[in-house]
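Below is one structure, written out as structure tokens; the observations come after it.
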Amino acid sequence: MSVTQVAYEVEGWGVGELVVSDERVVWHESPWPRSERPGQGGARISMDPSQSPAHPGFGAVVPQRASAKGRSFVAEVVQLLQAYFAGEQVPLEDVPVDLEYETSFLSRCAGALRTIPRGEVVTYGELAALAGAPGAARAAGSFCARSRLSIFVPCHRVVSASGLGPYGSYGTGYKRRLLALEGYDHAL
């Protein structure tokens with residue numbers, strides 16, 4: 001089994017992190033602005049570029065413009081992510097992801113979410129129904145809250161029945177920004 005972990009930069013978004021095993025995404029942390037700390041003489045020093053809200057990070061940082069020469073699966077996925085965060089419509093739903101550890105309901109939630117088109121949203125209750133379990137809105141919400149495959153399994157496209165709803169450690173502002181990037185009319 002081959003495992004690769006990289007951090008990648010996206011202009012205007014920050015640094016994200018990707019873990020791939022055997023040409024499947026097993027974990028993805030969306031880009032987060034680099035954190036800085038004060039240095040000597042008032043200079044700002046960037047901390048580990050792969051730091052994010054939910055993971056301490058490891059791995060090399062892939063530059064903002066990856067080379068097309070001899071691209072590996074990881075480089076191709078990073079290029080797709082960079083294009084996505086630049087506002088391009090890219091087929092992230094076609095990227096293989098690891099759902100093996102999930103229960104059948106959670107796998108169905110992931111599968112259903114991957115079919116929700118860019119610019120559209122569903123409620124937690126609608127996601128549960130799409131996954132074959134009407135009335136399991138809380139379970140669908142729990143799935144989204146612990147998703148380790150952000151953007152590939154687009155939990156940001158799930159909203160509460162009464163409004164936008166939360167988006168974990170990233171917050172509602174980040175969720176709004178993702179939905180606006182995808183053209184959802186009610187994001188802002």
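Within each chain, counting starts at residue 1; across the structure tokens, chains are named A, B, ... in the order shown, with ligands numbered 1 upward in that order.
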May I have the residues within 12 Å of Ser21 in chain A as a list in words, using only C-alpha atoms and disregarding those fewer than 5 positions away in the same chain?
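My reading of the contact set: Met1, Ser2, Val3, Thr4, Gln5, Val6, Val26, Trp27, His28, Phe73, Val74, Pro96, Val97 and Asp98 of chain A.
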Keeping only C-alpha atoms, write those residues as a compact mmCIF listing (two decimals), in the first residue's frame.
```txt
# COMPACT_ATOMS: atom_id res chain seq x y z
CA MET A 1 0.00 0.00 0.00
CA SER A 2 1.37 3.36 -1.07
CA VAL A 3 0.40 6.42 0.99
CA THR A 4 1.23 9.98 -0.04
CA GLN A 5 0.51 13.07 2.04
CA VAL A 6 0.98 16.55 0.62
CA VAL A 26 -8.49 8.88 1.96
CA TRP A 27 -8.39 12.29 3.63
CA HIS A 28 -8.65 15.92 2.55
CA PHE A 73 -2.40 10.77 -9.53
CA VAL A 74 -1.61 13.01 -6.55
CA PRO A 96 -11.91 7.93 -6.37
CA VAL A 97 -12.35 8.25 -2.60
CA ASP A 98 -12.05 5.73 0.22
```
Computed interatomic separation between CA of Glu102 in chain A and CA of Arg138 in chain A (Å):
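Separation between CA of Glu102 in chain A and CA of Arg138 in chain A: 16.4 Å.
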Contacts of Ala140 in chain A at 6 Å (only C-alpha atoms; same-chain gap of 2+ positions) as a compact mmCIF listing (two decimals) with N, CA, C and O atoms, in the first residue's frame:
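Okay, selection.txt is ready:
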```txt
# COMPACT_ATOMS: atom_id res chain seq x y z
N TYR A 124 -30.39 18.43 5.44
CA TYR A 124 -29.96 17.19 6.09
C TYR A 124 -31.03 16.11 5.93
O TYR A 124 -30.72 14.95 5.67
N ALA A 128 -30.67 12.50 3.98
CA ALA A 128 -31.04 11.22 4.60
C ALA A 128 -31.99 10.44 3.69
O ALA A 128 -31.82 9.23 3.48
N ALA A 137 -32.30 12.65 9.55
CA ALA A 137 -31.58 13.91 9.31
C ALA A 137 -30.41 14.08 10.27
O ALA A 137 -29.34 14.54 9.87
N ARG A 138 -30.59 13.72 11.54
CA ARG A 138 -29.49 13.85 12.50
C ARG A 138 -28.30 12.98 12.13
O ARG A 138 -27.15 13.38 12.26
N SER A 142 -24.57 14.14 11.35
CA SER A 142 -23.37 13.57 11.99
C SER A 142 -22.35 13.13 10.95
O SER A 142 -21.15 13.31 11.13
N PHE A 143 -22.85 12.55 9.87
CA PHE A 143 -21.95 12.16 8.77
C PHE A 143 -21.19 13.39 8.26
O PHE A 143 -19.97 13.36 8.11
```
Determine, counting only C-alpha atoms, which protein, DNA and RNA residues have an atom within 12 Å of an atom of Asp94 in chain A; residues of the same chain fewer than 3 positions away are not included. Present the result as number ranges by chain.
A: 24-25, 77, 80, 90-91, 97, 111, 114-115, 151-153
Residues within 12 Å of Gly171 in chain A, please, as an MDAnalysis selection string. Count only C-alpha atoms; anything in the same chain fewer than 4 positions from it doesn't count.
chainID A and resid 32 53 145 156 164:167 175:178
Could those residues be written to a file, using N, CA, C and O atoms, as a PDB file, in the first residue's frame?
```pdb
ATOM      1  N   TRP A  32      -6.708  26.487   4.188  1.00  0.00           N
ATOM      2  CA  TRP A  32      -6.885  27.397   5.312  1.00  0.00           C
ATOM      3  C   TRP A  32      -5.734  28.388   5.258  1.00  0.00           C
ATOM      4  O   TRP A  32      -4.613  28.000   4.929  1.00  0.00           O
ATOM      5  N   PRO A  53      -7.261  23.929  10.576  1.00  0.00           N
ATOM      6  CA  PRO A  53      -8.075  23.889  11.788  1.00  0.00           C
ATOM      7  C   PRO A  53      -8.161  22.509  12.432  1.00  0.00           C
ATOM      8  O   PRO A  53      -8.304  22.404  13.634  1.00  0.00           O
ATOM      9  N   ALA A 145     -20.649  16.239   9.724  1.00  0.00           N
ATOM     10  CA  ALA A 145     -19.799  16.829  10.762  1.00  0.00           C
ATOM     11  C   ALA A 145     -18.455  16.133  10.877  1.00  0.00           C
ATOM     12  O   ALA A 145     -17.458  16.753  11.239  1.00  0.00           O
ATOM     13  N   HIS A 156     -20.531  20.798   2.285  1.00  0.00           N
ATOM     14  CA  HIS A 156     -20.904  22.217   2.302  1.00  0.00           C
ATOM     15  C   HIS A 156     -22.198  22.452   1.523  1.00  0.00           C
ATOM     16  O   HIS A 156     -22.835  23.481   1.688  1.00  0.00           O
ATOM     17  N   LEU A 164     -28.551  28.244   6.507  1.00  0.00           N
ATOM     18  CA  LEU A 164     -27.320  27.690   5.963  1.00  0.00           C
ATOM     19  C   LEU A 164     -26.752  26.555   6.815  1.00  0.00           C
ATOM     20  O   LEU A 164     -26.307  25.547   6.295  1.00  0.00           O
ATOM     21  N   GLY A 165     -26.753  26.719   8.114  1.00  0.00           N
ATOM     22  CA  GLY A 165     -26.210  25.688   9.000  1.00  0.00           C
ATOM     23  C   GLY A 165     -24.707  25.813   9.166  1.00  0.00           C
ATOM     24  O   GLY A 165     -24.050  26.581   8.471  1.00  0.00           O
ATOM     25  N   PRO A 166     -24.137  25.044  10.076  1.00  0.00           N
ATOM     26  CA  PRO A 166     -22.711  25.143  10.415  1.00  0.00           C
ATOM     27  C   PRO A 166     -21.811  24.464   9.378  1.00  0.00           C
ATOM     28  O   PRO A 166     -22.278  23.766   8.493  1.00  0.00           O
ATOM     29  N   TYR A 167     -20.503  24.681   9.544  1.00  0.00           N
ATOM     30  CA  TYR A 167     -19.514  24.000   8.706  1.00  0.00           C
ATOM     31  C   TYR A 167     -18.263  23.713   9.531  1.00  0.00           C
ATOM     32  O   TYR A 167     -17.147  24.065   9.174  1.00  0.00           O
ATOM     33  N   LYS A 175     -18.267  28.195   4.557  1.00  0.00           N
ATOM     34  CA  LYS A 175     -19.322  27.497   3.822  1.00  0.00           C
ATOM     35  C   LYS A 175     -19.974  28.435   2.816  1.00  0.00           C
ATOM     36  O   LYS A 175     -20.190  28.061   1.654  1.00  0.00           O
ATOM     37  N   ARG A 176     -20.272  29.652   3.235  1.00  0.00           N
ATOM     38  CA  ARG A 176     -20.842  30.657   2.324  1.00  0.00           C
ATOM     39  C   ARG A 176     -19.918  30.879   1.126  1.00  0.00           C
ATOM     40  O   ARG A 176     -20.357  30.989  -0.012  1.00  0.00           O
ATOM     41  N   ARG A 177     -18.637  30.999   1.420  1.00  0.00           N
ATOM     42  CA  ARG A 177     -17.663  31.259   0.355  1.00  0.00           C
ATOM     43  C   ARG A 177     -17.615  30.103  -0.642  1.00  0.00           C
ATOM     44  O   ARG A 177     -17.549  30.328  -1.850  1.00  0.00           O
ATOM     45  N   LEU A 178     -17.643  28.867  -0.152  1.00  0.00           N
ATOM     46  CA  LEU A 178     -17.658  27.710  -1.054  1.00  0.00           C
ATOM     47  C   LEU A 178     -18.918  27.698  -1.910  1.00  0.00           C
ATOM     48  O   LEU A 178     -18.851  27.465  -3.125  1.00  0.00           O
TER      49      LEU A 178
END
```
So which residues of range 97-167 of chain A fall under helix (DSSP H, G or I) by DSSP, listed as a list in words?
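Answer for range 97-167 of chain A restricted to helix (DSSP H, G or I) is Ser104, Phe105, Leu106, Ser107, Arg108, Cys109, Ala110, Gly111, Ala112, Leu113, Tyr124, Gly125, Glu126, Leu127, Ala128, Ala129, Leu130, Ala137, Arg138, Ala139, Ala140, Gly141, Ser142, Phe143, Cys144, Ala145, Cys155, His156 and Arg157 of chain A.
Among the candidates A:Ser169, A:Ser72, A:Ser104, A:Ser160, the one nearest to Arg146 in chain A when counting only C-alpha atoms is A:Ser169.
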Taking the backbone alone, and naming residues the way the document does, which bits of range 61-146 of chain A are strand (DSSP E) by DSSP, as a PyMOL selection string?
chain A and resi 61-62+122-123
Hey, can you check how far CA of Glu76 in chain A sits from CA of Val122 in chain A?
29.0 Å
